[in-house]
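Here's the structure we're looking at; comments come further down.
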Amino acid sequence: MLGFNAIVFIALAYVVMLFAVAFYADRKARRTGGAWLRGPWIYTLSLSVYCTAWTFYGAVGNAARSGLEYLTIYLGPTLVFLGWWWILRKLVRIGRAERITSIADLVSSRYGKSSAVAVLVTILAVVGSTPYISLQLQSVTLSFVVFSGSTDQGQISELLVNDRANVNRIAFWVSVGLAIFTILFGTRNLDTNERHYGVVTAIAVEAVVKLVALIAVGAFVVWGVSGGIPQTLDIIANSPVGEWRPEPSRWIGLTFLSAVAIICLPRMFQVMVVEQSDESHLATASWAFPLYLMAISLFVLPIAAIGLAILPDGANPDLFVLTLPLEMERDWLATLAFLGGFSSATSMVIVAAIALSTMVSNHIVIPLWLASRAGGATVSGDVRSVVLMSRRVSIAAIVALGYIYYRLTDGSTALSAIGLVSFAGVAQVMPALMAALFWRGATRRGAIAGLVTGFAVWAYTLLLPAVGAFSAEMLTFGPAGLEILRPQALFGFTGMDSLVHAIFWSIGLNTLAFLVVSLVTFPSPLERLQGASFVNVFERSGGARGWSGGVAATEDLLVMTQRLLGAKEAQNMFHKAAVEQGKTSGLPDPTPDFVNVLERELAGSVGAATAHAMIGQINGQASVSVQDLLAVADESAQMLEYSSQLEEKSRELEQTARQLRDANEKLTALSVQKDAFLSQISHELRTPMTSIRSFSEFLQEGDMPEKERARYSQIIHNESIRLTRLLDDLLDLTVLENGQVELHIGPATLRELIDRAVAATGAEHLAIDRDPAGEEVVFNTDSDRMTQVFINLISNAAKYCDAEKPRLKIAVQASDHMIEIDFIDNGSGVPKDKESIIFEKFARASDQSAAGSAGLGLAISREILARLGGEIRYIGGRDGAAFRVSIYLEQDSLAAE
Amino acid sequence: MGRSVLLIEDEPNIVEAISFILERDGWTVRIHSDGATATDAVARTNPDVLILDVMLPGRSGFDILKDLRRNGATANLPILMLTARGQTKDREMAESYGVSQFMTKPFSNAEMLETVRALAAEAKT
Amino acid sequence: MKSPGRPVFLERDLYRRRRVIDAAKLLPILGLALFLLPVLTMDLGQPAHVSTSGRLIYFFSVWFFLIAIAFVLSRWLRPEVTARAPETEPRGEAKGPAAPES
């Protein structure tokens, strides 16, 4: 038979092979996207992380003790997957929409991104998973022990008793090995989307190995040992478990518990929701995963029955899968079985440790770390390395906890009992989780009340008795003789199976506390928003609303994002956002939409609650709390939500209301504009008319000295011209705006056009710097119209440039596709708040009505350029006023000369 | 004892016209063309009648009017307001702020002179 | 008399799809009933001698039957889900089918 050293070598070689698979898959995913790595099959296989060493070894042990009861552990998940349309589909959609990183993240995200809830769920998950991890350590250790002794069962028990130190050493090194393996794979990089293709692929390989191994052992037992199916059924019928004697309460309780566990187990959530890359995979998994479960449990009872029949009395049924082939001297099969068990255990520990460490790091370590830094999220330094380090430490700590539990229980408990303790622990998340998906009335306080109650009752009735924390006296007579509080018979209800008892009371009281507190408390605005967006996840189009009216500086956000996502990724993201906001360069504005998107991105790295808090720190620097901001932003949504009878449609309504509000604002703005336009026209027309009327009345009086007479005539004349010009401009603009203008396109030299404009302006006090070389460019245009634009710009500079020695610089840049002409003066420029309106009719940057200008010039210029295929823009950020005229050239227009 | 008028208006031609109308009638016309410092000018020159344009550089005539009416020294000063915007809204606003007379441009010379005279006479009685 | 308004009956495909969704929603309830049936119909008073082997065959038959139905239903339900899938990954698939796996 294979020796201990040989099996250690095989295990190590197997680990190296898994490394290779994971490494290859990671690289593939990074390079080509590795479509098949994200296919439904890998997804389904990765779900098999549900089947741990508990299944591989423990199910047989369970079957040997209680017959078919082990099936319940697979029937529950089967029902959940068959009913994927109810729960899983929604869970997965929410997970994607909110960029959920763990089950704690999801629950906290629903309940107002509450850190308290996140911490509670995390603690619950860690405490609940610890027995389970210890179970894996125990089974791997046992399987090593089997190989270290002979096949003689007596000797194994003797070894367990006599050489405790040796066994513990094996357990210790198994823990260390698992921790290292997990750290190497789970935390190589901090993926923004928390997906680990390498790990998932390795898990899928292990899924195949364990299925093949168990079926191989089963087939060997059925056809090789007992001689066929009828014989096997006979052996089962004659075995101690040959008669069907289920306990109905346990049967129902366990089916329920396993159904809940498949959703609530942190590792299941990890592979099912977090690592999931395509919702449609669920459709495949809905039948393929039950098929896997069925296949893996098919041979469990036969193996148990035959093990009971041919192995000596007192042999540990938890190890039948291994000891049967050894007994029959099939070393290769025993090795395969060993690898199957090893796969089951390692895949569980790896995924669970990744899931738990993500929670611990995101919800406990990082918030503490942030709180400990005075400057909060804005201090410099790379948070990424902190996140990675905290995850690594968390993984080590979680595996260490499993090891401690193993030492505490002395590795003595039956595997399946340990597993059920874990299941019942994580099931406490169920009420809060289900309400998150389906009930908008659930509140954060309710969730906390339920979690705390369920956790306490579970610990009191199941966990503490299981680890032997209570004396026999305490169990029989209750604490301090209070029989009503007996841990395994609360309130005097005796006679229940202790596990069913624990499930009943913990989930029952949990749900009760959750419902009652939810009903009497009032949710915060953020909770209500999140509640609506979770429950109505299939109806919504946009993301969750959150940040409105924030005061975040984009630079701060960028600094923080860089530290979480890495410089390149962060900059890409910000650049993209800037482009979407219509900016060609620079940083995006911290609009609510942008901040929301950013928060979800960050949530992918550090979890929703932490991301929310980090952005809150930056966003809330004006000493307004996040809650305040949200309360303000949310008021309108709430009013709609509650006044409307169609509560489910409230998001749509909110949207409609927003559109209405926008439309109304636009209308108001339009009528204000029109109003302003009319009174402007009135003003512009009446001012010259006033002079004309006054002075003509003087002239009519007749007794005017000749000198005055001439002067007044002159004034009347000038004002008439001004009036005419204004009417011309108005007419011009109307014609241009209606597109009725007739253009006379022909080749023109830019220099000549500018010469003409300068001459026409006749602004002597304005010095003009020109670019003679650049201006020698010939293009097709309407010369008069183009000159008109230049005149407008030059006379604008002459009028408004407030420098002591006004200068105007005309710079030209020509390429094959366009000509850009910049008019930059040395004045104080256009005030920032006026930049957007200067191209409007009658808009003036200052209140000053400079003589002879009606404020139509820029509006006309803009229209002209639109007709001529170009545009005019104001370029902010220069020393003075700077206008850029861009003329887009058609392909052959430059080739003219 | 010449009666004095302070004219706050930024259109040079209109300033010239009004000055001409009033000076011929024996008024002393002081001129100020900036809105921002208009109230100071009123305090400094202490006119018998104030003629105030609505659209001024620096500050709107309405704001100046409001300030003057709030100030005890000028609360009863006869003020003639001129506007070229010609909307009844403007007239109503000016009246609500306590303007003495409101006139829309363009005006006739006689109308201007009579209004100023009437304002001064009213203030005396 | 035909009213010009909204059609009372859905288009055939859509109608079929809705019924498939109904079936998918009912399937776990059917499964639950079948899985609990042997337990719930047990007479606790008298120890009926039922063999484990018989029950083993019953459970695995029901199990297989349910999986087969789920398989058929999932084929029907897939198109809609995949139609929404393109939003899945920002990188990768963009290169299209020209990503041959070695």
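Chain labels A, B, ... are given in the sequence in which chains occur in the structure tokens; within each chain residues are numbered consecutively from 1, and ligands are likewise numbered from 1 in the order shown.
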Distance table requested - chain A against chain B, cut-off 7 Å, only C-alpha atoms: one row per qualifying residue with the closest atom pair and its distance in Å to one decimal, ordered by chain and rising residue number, as CSV.
residue,atom,partner,partner_atom,distance
A:Ser679,CA,B:Arg85,CA,4.9
A:Gln680,CA,B:Arg85,CA,6.8
A:Ser682,CA,B:Arg85,CA,5.1
A:His683,CA,B:Ala84,CA,4.6
A:Arg686,CA,B:Ala84,CA,5.5
A:Thr687,CA,B:Ala84,CA,6.3
A:Met689,CA,B:Pro106,CA,6.1
A:Thr690,CA,B:Pro106,CA,4.0
A:Ser691,CA,B:Ile14,CA,5.5
A:Arg693,CA,B:Pro106,CA,6.8
A:Ser694,CA,B:Asn109,CA,5.9
A:Phe695,CA,B:Ala17,CA,6.6
A:Asp847,CA,B:Pro57,CA,5.3
A:Gln848,CA,B:Pro57,CA,4.7
Pull N, CA and C atoms from the residues just selected and write them as a PDB file, in the first residue's frame.
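Dumped to selection30.pdb:
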ATOM      1  N   SER A 679     -37.854  92.934 -24.162  1.00  0.00           N
ATOM      2  CA  SER A 679     -37.551  94.211 -23.527  1.00  0.00           C
ATOM      3  C   SER A 679     -36.184  94.718 -23.993  1.00  0.00           C
ATOM      4  N   GLN A 680     -35.306  93.763 -24.376  1.00  0.00           N
ATOM      5  CA  GLN A 680     -34.030  94.205 -24.937  1.00  0.00           C
ATOM      6  C   GLN A 680     -34.254  94.933 -26.260  1.00  0.00           C
ATOM      7  N   SER A 682     -36.868  96.345 -27.249  1.00  0.00           N
ATOM      8  CA  SER A 682     -37.523  97.610 -26.938  1.00  0.00           C
ATOM      9  C   SER A 682     -36.484  98.651 -26.528  1.00  0.00           C
ATOM     10  N   HIS A 683     -35.612  98.221 -25.630  1.00  0.00           N
ATOM     11  CA  HIS A 683     -34.592  99.145 -25.145  1.00  0.00           C
ATOM     12  C   HIS A 683     -33.677  99.611 -26.266  1.00  0.00           C
ATOM     13  N   ARG A 686     -35.707 101.972 -28.579  1.00  0.00           N
ATOM     14  CA  ARG A 686     -36.196 103.229 -28.002  1.00  0.00           C
ATOM     15  C   ARG A 686     -35.077 104.221 -27.651  1.00  0.00           C
ATOM     16  N   THR A 687     -33.915 103.664 -27.325  1.00  0.00           N
ATOM     17  CA  THR A 687     -32.846 104.586 -26.929  1.00  0.00           C
ATOM     18  C   THR A 687     -32.470 105.555 -28.059  1.00  0.00           C
ATOM     19  N   MET A 689     -34.287 106.216 -30.574  1.00  0.00           N
ATOM     20  CA  MET A 689     -35.485 106.980 -30.909  1.00  0.00           C
ATOM     21  C   MET A 689     -35.687 108.171 -29.962  1.00  0.00           C
ATOM     22  N   THR A 690     -35.323 107.970 -28.713  1.00  0.00           N
ATOM     23  CA  THR A 690     -35.460 109.060 -27.733  1.00  0.00           C
ATOM     24  C   THR A 690     -34.646 110.272 -28.155  1.00  0.00           C
ATOM     25  N   SER A 691     -33.388 109.986 -28.505  1.00  0.00           N
ATOM     26  CA  SER A 691     -32.535 111.101 -28.930  1.00  0.00           C
ATOM     27  C   SER A 691     -33.115 111.762 -30.165  1.00  0.00           C
ATOM     28  N   ARG A 693     -36.144 111.891 -31.261  1.00  0.00           N
ATOM     29  CA  ARG A 693     -37.352 112.675 -31.006  1.00  0.00           C
ATOM     30  C   ARG A 693     -37.018 114.012 -30.315  1.00  0.00           C
ATOM     31  N   SER A 694     -36.206 113.922 -29.268  1.00  0.00           N
ATOM     32  CA  SER A 694     -35.843 115.125 -28.516  1.00  0.00           C
ATOM     33  C   SER A 694     -35.203 116.172 -29.414  1.00  0.00           C
ATOM     34  N   PHE A 695     -34.189 115.702 -30.133  1.00  0.00           N
ATOM     35  CA  PHE A 695     -33.427 116.680 -30.910  1.00  0.00           C
ATOM     36  C   PHE A 695     -34.232 117.204 -32.082  1.00  0.00           C
ATOM     37  N   ASP A 847     -22.932  94.614 -17.743  1.00  0.00           N
ATOM     38  CA  ASP A 847     -24.201  95.316 -17.863  1.00  0.00           C
ATOM     39  C   ASP A 847     -24.066  96.526 -18.777  1.00  0.00           C
ATOM     40  N   GLN A 848     -22.819  96.839 -18.996  1.00  0.00           N
ATOM     41  CA  GLN A 848     -22.550  98.049 -19.761  1.00  0.00           C
ATOM     42  C   GLN A 848     -23.055  97.922 -21.189  1.00  0.00           C
TER      43      GLN A 848
END
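Residue-level DSSP output for region 18-103 of chain B, from the backbone, shows strand (DSSP E or B) at Thr28, Val29, Arg30, Ile31, His32, Val49, Leu50, Ile51, Leu52, Asp53, Ile79, Leu80, Met81, Leu82, Thr83, Gln101, Phe102 and Met103 of chain B.
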Go ahead and write the residues just picked, N, CA and C atoms, as a PDB file, in the first residue's frame.
ATOM      1  N   THR B  28     -30.403 123.840 -12.638  1.00  0.00           N
ATOM      2  CA  THR B  28     -29.027 123.390 -12.621  1.00  0.00           C
ATOM      3  C   THR B  28     -29.055 121.870 -12.812  1.00  0.00           C
ATOM      4  N   VAL B  29     -28.401 121.390 -13.870  1.00  0.00           N
ATOM      5  CA  VAL B  29     -28.430 119.940 -14.134  1.00  0.00           C
ATOM      6  C   VAL B  29     -27.077 119.335 -13.836  1.00  0.00           C
ATOM      7  N   ARG B  30     -27.074 118.445 -12.877  1.00  0.00           N
ATOM      8  CA  ARG B  30     -25.836 117.689 -12.617  1.00  0.00           C
ATOM      9  C   ARG B  30     -26.010 116.298 -13.223  1.00  0.00           C
ATOM     10  N   ILE B  31     -24.901 115.762 -13.632  1.00  0.00           N
ATOM     11  CA  ILE B  31     -24.978 114.511 -14.393  1.00  0.00           C
ATOM     12  C   ILE B  31     -24.130 113.430 -13.746  1.00  0.00           C
ATOM     13  N   HIS B  32     -24.704 112.259 -13.725  1.00  0.00           N
ATOM     14  CA  HIS B  32     -23.964 111.125 -13.210  1.00  0.00           C
ATOM     15  C   HIS B  32     -24.326 109.942 -14.098  1.00  0.00           C
ATOM     16  N   VAL B  49     -34.837 117.514  -7.635  1.00  0.00           N
ATOM     17  CA  VAL B  49     -35.506 116.434  -8.378  1.00  0.00           C
ATOM     18  C   VAL B  49     -34.434 115.487  -8.910  1.00  0.00           C
ATOM     19  N   LEU B  50     -34.787 114.202  -8.897  1.00  0.00           N
ATOM     20  CA  LEU B  50     -33.847 113.214  -9.442  1.00  0.00           C
ATOM     21  C   LEU B  50     -34.469 112.553 -10.661  1.00  0.00           C
ATOM     22  N   ILE B  51     -33.685 112.503 -11.743  1.00  0.00           N
ATOM     23  CA  ILE B  51     -34.133 111.755 -12.926  1.00  0.00           C
ATOM     24  C   ILE B  51     -33.256 110.516 -13.027  1.00  0.00           C
ATOM     25  N   LEU B  52     -33.908 109.362 -13.058  1.00  0.00           N
ATOM     26  CA  LEU B  52     -33.160 108.106 -12.923  1.00  0.00           C
ATOM     27  C   LEU B  52     -33.514 107.167 -14.066  1.00  0.00           C
ATOM     28  N   ASP B  53     -32.488 106.698 -14.753  1.00  0.00           N
ATOM     29  CA  ASP B  53     -32.704 105.716 -15.825  1.00  0.00           C
ATOM     30  C   ASP B  53     -32.755 104.318 -15.204  1.00  0.00           C
ATOM     31  N   ILE B  79     -38.686 111.699  -7.526  1.00  0.00           N
ATOM     32  CA  ILE B  79     -37.869 110.918  -8.450  1.00  0.00           C
ATOM     33  C   ILE B  79     -38.672 110.630  -9.709  1.00  0.00           C
ATOM     34  N   LEU B  80     -38.069 110.956 -10.832  1.00  0.00           N
ATOM     35  CA  LEU B  80     -38.671 110.633 -12.132  1.00  0.00           C
ATOM     36  C   LEU B  80     -37.857 109.511 -12.748  1.00  0.00           C
ATOM     37  N   MET B  81     -38.542 108.450 -13.059  1.00  0.00           N
ATOM     38  CA  MET B  81     -37.818 107.312 -13.592  1.00  0.00           C
ATOM     39  C   MET B  81     -38.066 107.198 -15.082  1.00  0.00           C
ATOM     40  N   LEU B  82     -36.971 106.881 -15.808  1.00  0.00           N
ATOM     41  CA  LEU B  82     -37.059 106.749 -17.264  1.00  0.00           C
ATOM     42  C   LEU B  82     -36.731 105.316 -17.654  1.00  0.00           C
ATOM     43  N   THR B  83     -37.526 104.793 -18.585  1.00  0.00           N
ATOM     44  CA  THR B  83     -37.128 103.460 -19.063  1.00  0.00           C
ATOM     45  C   THR B  83     -37.394 103.361 -20.550  1.00  0.00           C
ATOM     46  N   GLN B 101     -42.714 109.696 -10.347  1.00  0.00           N
ATOM     47  CA  GLN B 101     -43.247 109.697 -11.708  1.00  0.00           C
ATOM     48  C   GLN B 101     -42.464 108.686 -12.546  1.00  0.00           C
ATOM     49  N   PHE B 102     -43.138 108.152 -13.567  1.00  0.00           N
ATOM     50  CA  PHE B 102     -42.512 107.142 -14.396  1.00  0.00           C
ATOM     51  C   PHE B 102     -42.759 107.533 -15.841  1.00  0.00           C
ATOM     52  N   MET B 103     -41.706 107.483 -16.651  1.00  0.00           N
ATOM     53  CA  MET B 103     -41.851 107.963 -18.030  1.00  0.00           C
ATOM     54  C   MET B 103     -41.139 107.002 -18.974  1.00  0.00           C
TER      55      MET B 103
END
Give the alpha helix (DSSP H) residues of region 33-62 of chain B, as assigned by DSSP on the backbone, as a short mmCIF file (atom, residue, chain, number, x, y, z; two decimals) with N, CA and C atoms, in the first residue's frame.
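Output (states.cif):
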data_model
loop_
_atom_site.label_atom_id
_atom_site.label_comp_id
_atom_site.auth_asym_id
_atom_site.auth_seq_id
_atom_site.Cartn_x
_atom_site.Cartn_y
_atom_site.Cartn_z
N ALA B 38 -24.45 105.73 -7.74
CA ALA B 38 -25.53 106.70 -7.89
C ALA B 38 -26.02 107.25 -6.56
N THR B 39 -26.18 106.40 -5.55
CA THR B 39 -26.73 106.89 -4.27
C THR B 39 -25.78 107.90 -3.63
N ASP B 40 -24.46 107.64 -3.77
CA ASP B 40 -23.49 108.61 -3.25
C ASP B 40 -23.68 109.96 -3.92
N ALA B 41 -23.87 109.90 -5.24
CA ALA B 41 -24.04 111.15 -6.00
C ALA B 41 -25.26 111.91 -5.51
N VAL B 42 -26.33 111.17 -5.19
CA VAL B 42 -27.54 111.83 -4.69
C VAL B 42 -27.24 112.52 -3.37
N ALA B 43 -26.55 111.80 -2.48
CA ALA B 43 -26.25 112.35 -1.16
C ALA B 43 -25.38 113.60 -1.29
N ARG B 44 -24.43 113.53 -2.22
CA ARG B 44 -23.48 114.62 -2.37
C ARG B 44 -24.15 115.87 -2.94
N THR B 45 -24.97 115.67 -3.97
CA THR B 45 -25.51 116.84 -4.68
C THR B 45 -26.82 117.33 -4.11
N GLY B 61 -31.61 100.72 -12.00
CA GLY B 61 -32.32 101.87 -11.44
C GLY B 61 -33.29 101.48 -10.34
N PHE B 62 -33.88 100.29 -10.46
CA PHE B 62 -34.82 99.84 -9.44
C PHE B 62 -34.14 99.70 -8.08
#
Using Å and a single decimal, report how far CA of Asp278 (chain A) sits from CA of Leu120 (chain A).
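Distance between the two atoms: 29.7 Å.
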Excluding Leu77 (chain C) and any residue of its chain fewer than 3 positions from it, enumerate the residues within 9 Å of it, using only C-alpha atoms, and give them as a ChimeraX atom specification.
/A:283 /C:17,20-21,24,72-74,80-81
Those residues with N, CA and C atoms, as an mmCIF file, in the first residue's frame please?
data_model
loop_
_atom_site.group_PDB
_atom_site.id
_atom_site.type_symbol
_atom_site.label_atom_id
_atom_site.label_comp_id
_atom_site.auth_asym_id
_atom_site.auth_seq_id
_atom_site.Cartn_x
_atom_site.Cartn_y
_atom_site.Cartn_z
ATOM 1 N N ALA A 283 -29.670 29.616 -16.113
ATOM 2 C CA ALA A 283 -30.619 28.748 -16.801
ATOM 3 C C ALA A 283 -30.033 27.351 -16.946
ATOM 4 N N ARG C 17 -44.203 31.992 -23.839
ATOM 5 C CA ARG C 17 -43.122 32.319 -22.937
ATOM 6 C C ARG C 17 -43.621 32.553 -21.504
ATOM 7 N N VAL C 20 -44.323 29.326 -19.932
ATOM 8 C CA VAL C 20 -43.109 28.621 -19.551
ATOM 9 C C VAL C 20 -42.578 29.179 -18.227
ATOM 10 N N ILE C 21 -42.652 30.506 -18.091
ATOM 11 C CA ILE C 21 -42.207 31.108 -16.828
ATOM 12 C C ILE C 21 -43.081 30.613 -15.684
ATOM 13 N N ALA C 24 -41.901 27.260 -14.798
ATOM 14 C CA ALA C 24 -40.635 27.300 -14.078
ATOM 15 C C ALA C 24 -40.853 27.705 -12.632
ATOM 16 N N VAL C 72 -35.746 21.057 -20.010
ATOM 17 C CA VAL C 72 -36.605 21.509 -21.103
ATOM 18 C C VAL C 72 -36.988 22.982 -20.907
ATOM 19 N N LEU C 73 -37.387 23.295 -19.674
ATOM 20 C CA LEU C 73 -37.799 24.680 -19.415
ATOM 21 C C LEU C 73 -36.651 25.659 -19.646
ATOM 22 N N SER C 74 -35.469 25.273 -19.233
ATOM 23 C CA SER C 74 -34.347 26.214 -19.360
ATOM 24 C C SER C 74 -34.044 26.503 -20.821
ATOM 25 N N GLU C 80 -34.347 34.975 -23.790
ATOM 26 C CA GLU C 80 -34.522 36.299 -23.196
ATOM 27 C C GLU C 80 -33.304 36.668 -22.371
ATOM 28 N N VAL C 81 -32.822 35.690 -21.627
ATOM 29 C CA VAL C 81 -31.722 35.978 -20.727
ATOM 30 C C VAL C 81 -30.469 36.321 -21.514
#
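By chain and then residue number, the residues within 10 Å of Arg70 (chain B) are B:Ile64, B:Leu65, B:Ala75, B:Asn76, B:Tyr97, B:Gly98, counting only C-alpha atoms and disregarding those fewer than 5 positions away in sequence.
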Could you list, with a cut-off of 9 Å and counting only C-alpha atoms, the residues of chain A near chain C, each shown with its nearest atom pair and the distance in Å rounded to one decimal, rows sorted by chain and ascending number, as JSON lines?
{"residue": "A:Ala29", "atom": "CA", "partner": "C:Gly92", "partner_atom": "CA", "distance": 8.1}
{"residue": "A:Arg30", "atom": "CA", "partner": "C:Gly92", "partner_atom": "CA", "distance": 8.3}
{"residue": "A:Arg31", "atom": "CA", "partner": "C:Gly92", "partner_atom": "CA", "distance": 7.9}
{"residue": "A:Thr32", "atom": "CA", "partner": "C:Gly92", "partner_atom": "CA", "distance": 5.7}
{"residue": "A:Gly33", "atom": "CA", "partner": "C:Gly92", "partner_atom": "CA", "distance": 3.9}
{"residue": "A:Gly34", "atom": "CA", "partner": "C:Gly92", "partner_atom": "CA", "distance": 7.3}
{"residue": "A:Ala35", "atom": "CA", "partner": "C:Glu93", "partner_atom": "CA", "distance": 7.0}
{"residue": "A:Trp36", "atom": "CA", "partner": "C:Glu101", "partner_atom": "CA", "distance": 8.4}
{"residue": "A:Gly67", "atom": "CA", "partner": "C:Thr52", "partner_atom": "CA", "distance": 7.4}
{"residue": "A:Leu68", "atom": "CA", "partner": "C:Thr52", "partner_atom": "CA", "distance": 7.2}
{"residue": "A:Leu71", "atom": "CA", "partner": "C:Phe59", "partner_atom": "CA", "distance": 8.7}
{"residue": "A:Thr72", "atom": "CA", "partner": "C:Phe35", "partner_atom": "CA", "distance": 8.9}
{"residue": "A:Leu75", "atom": "CA", "partner": "C:Phe35", "partner_atom": "CA", "distance": 7.7}
{"residue": "A:Gly76", "atom": "CA", "partner": "C:Leu32", "partner_atom": "CA", "distance": 8.6}
{"residue": "A:Thr78", "atom": "CA", "partner": "C:Pro28", "partner_atom": "CA", "distance": 8.4}
{"residue": "A:Leu79", "atom": "CA", "partner": "C:Pro28", "partner_atom": "CA", "distance": 5.1}
{"residue": "A:Val80", "atom": "CA", "partner": "C:Pro28", "partner_atom": "CA", "distance": 7.1}
{"residue": "A:Phe81", "atom": "CA", "partner": "C:Pro28", "partner_atom": "CA", "distance": 8.2}
{"residue": "A:Leu82", "atom": "CA", "partner": "C:Pro28", "partner_atom": "CA", "distance": 5.4}
{"residue": "A:Gly83", "atom": "CA", "partner": "C:Pro28", "partner_atom": "CA", "distance": 5.0}
{"residue": "A:Trp84", "atom": "CA", "partner": "C:Lys25", "partner_atom": "CA", "distance": 8.0}
{"residue": "A:Trp85", "atom": "CA", "partner": "C:Lys25", "partner_atom": "CA", "distance": 6.2}
{"residue": "A:Trp86", "atom": "CA", "partner": "C:Lys25", "partner_atom": "CA", "distance": 6.5}
{"residue": "A:Arg96", "atom": "CA", "partner": "C:Thr88", "partner_atom": "CA", "distance": 9.0}
{"residue": "A:Leu233", "atom": "CA", "partner": "C:Ser53", "partner_atom": "CA", "distance": 5.8}
{"residue": "A:Asp234", "atom": "CA", "partner": "C:Ser53", "partner_atom": "CA", "distance": 8.0}
{"residue": "A:Ile236", "atom": "CA", "partner": "C:Ser53", "partner_atom": "CA", "distance": 6.5}
{"residue": "A:Ala237", "atom": "CA", "partner": "C:Ser53", "partner_atom": "CA", "distance": 6.2}
{"residue": "A:Val241", "atom": "CA", "partner": "C:Thr52", "partner_atom": "CA", "distance": 7.2}
{"residue": "A:Gly242", "atom": "CA", "partner": "C:Thr52", "partner_atom": "CA", "distance": 5.2}
{"residue": "A:Glu243", "atom": "CA", "partner": "C:Ser51", "partner_atom": "CA", "distance": 4.8}
{"residue": "A:Trp244", "atom": "CA", "partner": "C:Thr52", "partner_atom": "CA", "distance": 4.7}
{"residue": "A:Arg245", "atom": "CA", "partner": "C:Val50", "partner_atom": "CA", "distance": 8.0}
{"residue": "A:Pro246", "atom": "CA", "partner": "C:Val39", "partner_atom": "CA", "distance": 7.1}
{"residue": "A:Glu247", "atom": "CA", "partner": "C:Val39", "partner_atom": "CA", "distance": 8.0}
{"residue": "A:Pro248", "atom": "CA", "partner": "C:Val39", "partner_atom": "CA", "distance": 5.6}
{"residue": "A:Trp251", "atom": "CA", "partner": "C:Val39", "partner_atom": "CA", "distance": 7.5}
{"residue": "A:Ile252", "atom": "CA", "partner": "C:Leu36", "partner_atom": "CA", "distance": 7.4}
{"residue": "A:Ser277", "atom": "CA", "partner": "C:Thr88", "partner_atom": "CA", "distance": 6.5}
{"residue": "A:Asp278", "atom": "CA", "partner": "C:Thr88", "partner_atom": "CA", "distance": 6.0}
{"residue": "A:Glu279", "atom": "CA", "partner": "C:Val81", "partner_atom": "CA", "distance": 6.8}
{"residue": "A:Ser280", "atom": "CA", "partner": "C:Val81", "partner_atom": "CA", "distance": 5.2}
{"residue": "A:His281", "atom": "CA", "partner": "C:Val81", "partner_atom": "CA", "distance": 8.9}
{"residue": "A:Leu282", "atom": "CA", "partner": "C:Ser74", "partner_atom": "CA", "distance": 8.9}
{"residue": "A:Ala283", "atom": "CA", "partner": "C:Ser74", "partner_atom": "CA", "distance": 5.2}
{"residue": "A:Thr284", "atom": "CA", "partner": "C:Ser74", "partner_atom": "CA", "distance": 6.5}
{"residue": "A:Ser286", "atom": "CA", "partner": "C:Ala70", "partner_atom": "CA", "distance": 6.6}
{"residue": "A:Trp287", "atom": "CA", "partner": "C:Ile67", "partner_atom": "CA", "distance": 5.2}
{"residue": "A:Ala288", "atom": "CA", "partner": "C:Ile67", "partner_atom": "CA", "distance": 7.8}
{"residue": "A:Pro290", "atom": "CA", "partner": "C:Ile67", "partner_atom": "CA", "distance": 6.7}
{"residue": "A:Leu291", "atom": "CA", "partner": "C:Ile67", "partner_atom": "CA", "distance": 6.6}
{"residue": "A:Met294", "atom": "CA", "partner": "C:Trp63", "partner_atom": "CA", "distance": 7.3}
{"residue": "A:Leu298", "atom": "CA", "partner": "C:Phe60", "partner_atom": "CA", "distance": 7.8}
{"residue": "A:Leu301", "atom": "CA", "partner": "C:Leu56", "partner_atom": "CA", "distance": 8.6}
